[in-house]
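Enquirer: Once you've had a glance at the structure underneath, I'll fire off some questions.
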Amino acid sequence: MIPGGGQPDMQQLLQQAQKMQQDLAAAQQELAETPVEGSAGGGLVKATVTGTGDLKGLVIDPKAVDPEDTETLADLVLAAVRDATGAAQELQQQKLGPLAQGLGGMPGMPF
């Protein structure tokens, strides 16, 4: 027992933890539904990923296709996907960063 009877209100702590979990789940859902685009080669190759990093689309301009040089095309595809994934990671930081900081002081939370 804390001197002076100032025990923390467990019900209030549990409600705060539950709200933070709900906010986190909502943010994760929003990330999963948010398209993020990346490109390479001045827009010759464009990749679309979700905010969670799942590749959802790839657009290749016909000018990028050279049957004699598929290596360059592969490099452009990789660069576009990396660009989109990097943008998705930044979005994750924006959406989840404040929530993770709020949960950081709570025991049993995976942060």
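Each chain in the structure tokens gets a letter, A, B and so on, in the order shown; residues start at 1 in every chain, and ligands are counted from 1 in the order they appear.
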Fewer than 4 positions away in the same chain doesn't count, so skip those; otherwise give me all residues within 12 Å of Thr72 of chain A, counting only C-alpha atoms, as a list in words.

Expert: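 Here the qualifying residues turn out to be Ala40, Gly41, Leu44, Val45, Lys63, Ala64, Val65, Asp66, Pro67, Glu68, Leu76, Val77, Leu78 and Ala79 of chain A.
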
Enquirer: Could you name the residues that touch segment 13-28 of chain A at 7 Å or less, counting only C-alpha atoms, but leaving out those on the same chain fewer than 6 positions away, as a list in words?

Expert: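 After dropping sequence-adjacent residues, the list is Lys95, Leu96 and Leu99 of chain A.
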
Enquirer: Based on DSSP run over this structure's backbone, return all residues of chain A in strand (DSSP E or B), as a list in words.

Expert: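 Across chain A, those assigned strand (DSSP E or B) are Pro35, Val36, Glu37, Gly38, Ser39, Ala40, Val45, Lys46, Ala47, Thr48, Val49, Thr50, Leu55, Lys56, Gly57, Leu58, Val59 and Ile60 of chain A.
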
Enquirer: Extract, using only C-alpha atoms, all DNA, RNA and protein residues at most 8 Å from segment 50-53 of chain A, discarding same-chain residues fewer than 5 positions from it, and format them as a list in words.

Expert: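 Using only C-alpha atoms, the neighbours found are Gln28, Glu30, Leu31, Ala32, Glu33, Thr34, Pro35, Val36, Ala84, Thr85, Ala88, Gln89, Leu91 and Gln92 of chain A.
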
Enquirer: Figure out the distance between atom CA of Gln29 of chain A and atom CA of Ala80 of chain A, please, to one decimal in Å.

Expert: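 Here the two named atoms are 24.0 Å from each other.
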
Enquirer: So what do you get for atom CA of Lys46 of chain A versus atom CA of Gln93 of chain A, distance-wise?

Expert: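 The value is 22.5 Å.
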
Enquirer: Which residue gives the smallest distance to Leu58 of chain A among A:Thr70, A:Ser39, A:Glu90, A:Asp75, with only C-alpha atoms counted?

Expert: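 Smallest distance to Leu58 of chain A is found for A:Ser39.
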
Enquirer: Could you tell me how far atom CA of Val59 of chain A sits from atom CA of Val81 of chain A, in Å to one decimal place?

Expert: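 Pair atom CA of Val81 of chain A / atom CA of Val59 of chain A returns 10.9 Å.
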